[in-house]
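Visitor: Attaching a single structure in structure tokens format; questions to follow.
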Amino acid sequence: MQVHISKMTGKLDGFKAISTNTVTNSFCIKMNSSGDTICRQCYSHGMLKSYRKNMQGALQRNSDLLSSRILDQSELPTILDAFFRINAHGELINATHLAYSCGRISAYRGNSTGGIWYRLNCSS
């Protein structure tokens, strides 16, 4: 199984991204249904439950692969772009997802700038 790379659209047209499934992420589910948080208006939840529903399979494979174990170098995606985005859809799942999978993907591509977006409060 390989990491799926998505092609961004709209204002991020031309960028590629490695994303995970917000619809099955326990943090995303909790935040999307609780209180007065920005996650209540999550674009990803809305898209993945409606007109981008067909993306859920690929994003779920990423969720499972990136959070389950350290990826071998041969399993890392080839990213030739100068910039790419991690977590265009999704949120960090666990420490394996962040430290090993996303970190190794970014480090493997020395000529790329990787950006990771997350909403977790790491101070608590």
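Chain labels follow the order of the structure tokens: the first chain is A, the next B, and so on; residue numbering restarts at 1 in every chain, and ligands are counted from 1 in their shown order.
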Quick one: DSSP helix (DSSP H, G or I) residues in chain A, as a ChimeraX atom specification?

Guide: /A:10-12,26-32,38-41,43-49,53-68,73-75,95-108

Visitor: Pull the strand (DSSP E) assignments for chain A out of DSSP run on the backbone, and list those residues as JSON, numbers by chain.

Guide: {"A": [6, 7, 16, 17, 18, 83, 84, 85, 86, 113, 114, 115, 116]}

Visitor: Include N, CA and C atoms and write out the residues we just selected as a PDB file, in the first residue's frame.

Guide:
```
ATOM      1  N   SER A   6      -2.916  13.786  -3.007  1.00  0.00           N
ATOM      2  CA  SER A   6      -4.055  14.465  -3.634  1.00  0.00           C
ATOM      3  C   SER A   6      -3.591  15.709  -4.371  1.00  0.00           C
ATOM      4  N   LYS A   7      -4.338  16.079  -5.393  1.00  0.00           N
ATOM      5  CA  LYS A   7      -4.113  17.339  -6.100  1.00  0.00           C
ATOM      6  C   LYS A   7      -5.117  18.345  -5.555  1.00  0.00           C
ATOM      7  N   LYS A  16       0.054  19.885  -4.104  1.00  0.00           N
ATOM      8  CA  LYS A  16      -0.297  18.501  -3.806  1.00  0.00           C
ATOM      9  C   LYS A  16      -0.302  18.336  -2.294  1.00  0.00           C
ATOM     10  N   ALA A  17      -1.037  17.328  -1.830  1.00  0.00           N
ATOM     11  CA  ALA A  17      -1.177  17.155  -0.390  1.00  0.00           C
ATOM     12  C   ALA A  17      -1.250  15.685  -0.004  1.00  0.00           C
ATOM     13  N   ILE A  18      -0.800  15.417   1.212  1.00  0.00           N
ATOM     14  CA  ILE A  18      -0.974  14.117   1.845  1.00  0.00           C
ATOM     15  C   ILE A  18      -1.953  14.347   2.976  1.00  0.00           C
ATOM     16  N   PHE A  83       6.971  22.536  -3.025  1.00  0.00           N
ATOM     17  CA  PHE A  83       6.136  22.670  -1.838  1.00  0.00           C
ATOM     18  C   PHE A  83       5.045  21.605  -1.866  1.00  0.00           C
ATOM     19  N   PHE A  84       4.691  21.117  -0.705  1.00  0.00           N
ATOM     20  CA  PHE A  84       3.550  20.214  -0.579  1.00  0.00           C
ATOM     21  C   PHE A  84       2.922  20.401   0.792  1.00  0.00           C
ATOM     22  N   ARG A  85       1.706  19.952   0.930  1.00  0.00           N
ATOM     23  CA  ARG A  85       0.960  20.174   2.163  1.00  0.00           C
ATOM     24  C   ARG A  85       0.619  18.835   2.816  1.00  0.00           C
ATOM     25  N   ILE A  86       0.817  18.761   4.115  1.00  0.00           N
ATOM     26  CA  ILE A  86       0.419  17.594   4.891  1.00  0.00           C
ATOM     27  C   ILE A  86      -0.788  17.997   5.731  1.00  0.00           C
ATOM     28  N   THR A 113       9.827  21.854   0.600  1.00  0.00           N
ATOM     29  CA  THR A 113       9.359  22.448   1.842  1.00  0.00           C
ATOM     30  C   THR A 113       8.013  21.826   2.151  1.00  0.00           C
ATOM     31  N   GLY A 114       7.921  21.130   3.266  1.00  0.00           N
ATOM     32  CA  GLY A 114       6.665  20.510   3.676  1.00  0.00           C
ATOM     33  C   GLY A 114       6.012  21.357   4.747  1.00  0.00           C
ATOM     34  N   GLY A 115       4.717  21.525   4.637  1.00  0.00           N
ATOM     35  CA  GLY A 115       3.978  22.265   5.653  1.00  0.00           C
ATOM     36  C   GLY A 115       2.903  21.382   6.237  1.00  0.00           C
ATOM     37  N   ILE A 116       2.817  21.330   7.555  1.00  0.00           N
ATOM     38  CA  ILE A 116       1.786  20.529   8.201  1.00  0.00           C
ATOM     39  C   ILE A 116       0.855  21.455   8.967  1.00  0.00           C
TER      40      ILE A 116
END
```

Visitor: Work out how far apart atom CA of Leu98 of chain A and atom CA of Ser67 of chain A are and give it in Å to one decimal.

Guide: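 About the pair atom CA of Leu98 of chain A and atom CA of Ser67 of chain A: they are 8.1 Å apart.
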
Visitor: So that I can see what lies close to Cys42 of chain A, please list as a list of chain:residue names the residues with an atom at most 10 Å from it, counting only C-alpha atoms and leaving out residues fewer than 4 positions away in the same chain.

Guide: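 Once the adjacent positions are removed, what remains is A:Thr22, A:Cys28, A:Met31, A:Asn32, A:Thr37, A:Ile38, A:Gly46, A:Met47, A:His89.
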
Visitor: Store the residues of this selection in a file with C-alpha atoms, as a PDB file, in the first residue's frame.

Guide:
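Below is the file that was written, part_30.pdb:
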```pdb
ATOM      1  CA  THR A  22     -11.516  13.511   9.114  1.00  0.00           C
ATOM      2  CA  CYS A  28     -12.078  15.501  14.383  1.00  0.00           C
ATOM      3  CA  MET A  31     -14.296  18.703  17.810  1.00  0.00           C
ATOM      4  CA  ASN A  32     -16.787  18.839  14.930  1.00  0.00           C
ATOM      5  CA  THR A  37     -14.839  25.709  17.949  1.00  0.00           C
ATOM      6  CA  ILE A  38     -13.659  26.384  14.435  1.00  0.00           C
ATOM      7  CA  GLY A  46     -18.668  18.719   4.813  1.00  0.00           C
ATOM      8  CA  MET A  47     -16.804  17.855   1.634  1.00  0.00           C
ATOM      9  CA  HIS A  89      -7.771  17.117   5.100  1.00  0.00           C
TER      10      HIS A  89
END
```

Visitor: Work out how far atom CA of Tyr51 of chain A is from atom CA of Ile105 of chain A, in Å to one decimal.

Guide: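 Result for atom CA of Ile105 of chain A versus atom CA of Tyr51 of chain A: 28.9 Å, one decimal.
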
Visitor: I want to know what sits within 7 Å of Ser63 of chain A, based on only C-alpha atoms, with residues of the same chain fewer than 3 positions away left out; could you give that as a VMD selection string?

Guide: chain A and resid 20 to 21 59 to 60 66 to 67

Visitor: Any chance you could export the current selection's all heavy atoms as a JSON list (two decimals), in the first residue's frame?

Guide:
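Dumped everything to again_9.json:
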```
[["chain", "number", "residue", "atom", "x", "y", "z"],
["A", 20, "THR", "N", -5.50, 12.80, 5.52],
["A", 20, "THR", "CA", -6.14, 11.66, 6.17],
["A", 20, "THR", "C", -7.64, 11.94, 6.28],
["A", 20, "THR", "O", -8.11, 13.02, 5.94],
["A", 20, "THR", "CB", -5.52, 11.41, 7.55],
["A", 20, "THR", "OG1", -5.61, 12.60, 8.33],
["A", 20, "THR", "CG2", -4.06, 10.98, 7.44],
["A", 21, "ASN", "N", -8.37, 10.96, 6.77],
["A", 21, "ASN", "CA", -9.83, 11.01, 6.78],
["A", 21, "ASN", "C", -10.37, 11.65, 8.06],
["A", 21, "ASN", "O", -10.28, 11.07, 9.14],
["A", 21, "ASN", "CB", -10.38, 9.58, 6.63],
["A", 21, "ASN", "CG", -11.85, 9.55, 6.36],
["A", 21, "ASN", "OD1", -12.53, 10.57, 6.34],
["A", 21, "ASN", "ND2", -12.36, 8.36, 6.14],
["A", 59, "LEU", "N", -8.21, 8.46, 1.56],
["A", 59, "LEU", "CA", -7.79, 9.14, 2.79],
["A", 59, "LEU", "C", -7.78, 8.19, 3.98],
["A", 59, "LEU", "O", -6.93, 8.30, 4.87],
["A", 59, "LEU", "CB", -8.68, 10.35, 3.06],
["A", 59, "LEU", "CG", -8.66, 11.45, 2.00],
["A", 59, "LEU", "CD1", -9.48, 12.65, 2.44],
["A", 59, "LEU", "CD2", -7.23, 11.88, 1.66],
["A", 60, "GLN", "N", -8.70, 7.22, 3.99],
["A", 60, "GLN", "CA", -8.70, 6.24, 5.07],
["A", 60, "GLN", "C", -7.47, 5.33, 4.98],
["A", 60, "GLN", "O", -6.87, 4.99, 6.00],
["A", 60, "GLN", "CB", -9.98, 5.40, 5.06],
["A", 60, "GLN", "CG", -10.09, 4.48, 6.28],
["A", 60, "GLN", "CD", -10.09, 5.25, 7.58],
["A", 60, "GLN", "OE1", -10.82, 6.23, 7.74],
["A", 60, "GLN", "NE2", -9.27, 4.82, 8.53],
["A", 66, "LEU", "N", -0.33, 5.71, 7.76],
["A", 66, "LEU", "CA", 0.54, 6.71, 8.40],
["A", 66, "LEU", "C", 0.51, 6.63, 9.92],
["A", 66, "LEU", "O", 1.45, 7.10, 10.58],
["A", 66, "LEU", "CB", 0.15, 8.11, 7.95],
["A", 66, "LEU", "CG", 0.36, 8.40, 6.47],
["A", 66, "LEU", "CD1", -0.24, 9.76, 6.10],
["A", 66, "LEU", "CD2", 1.83, 8.35, 6.11],
["A", 67, "SER", "N", -0.53, 6.05, 10.50],
["A", 67, "SER", "CA", -0.62, 6.01, 11.96],
["A", 67, "SER", "C", -0.28, 4.65, 12.56],
["A", 67, "SER", "O", -0.22, 4.51, 13.77],
["A", 67, "SER", "CB", -2.04, 6.41, 12.40],
["A", 67, "SER", "OG", -2.97, 5.44, 11.97]]
```
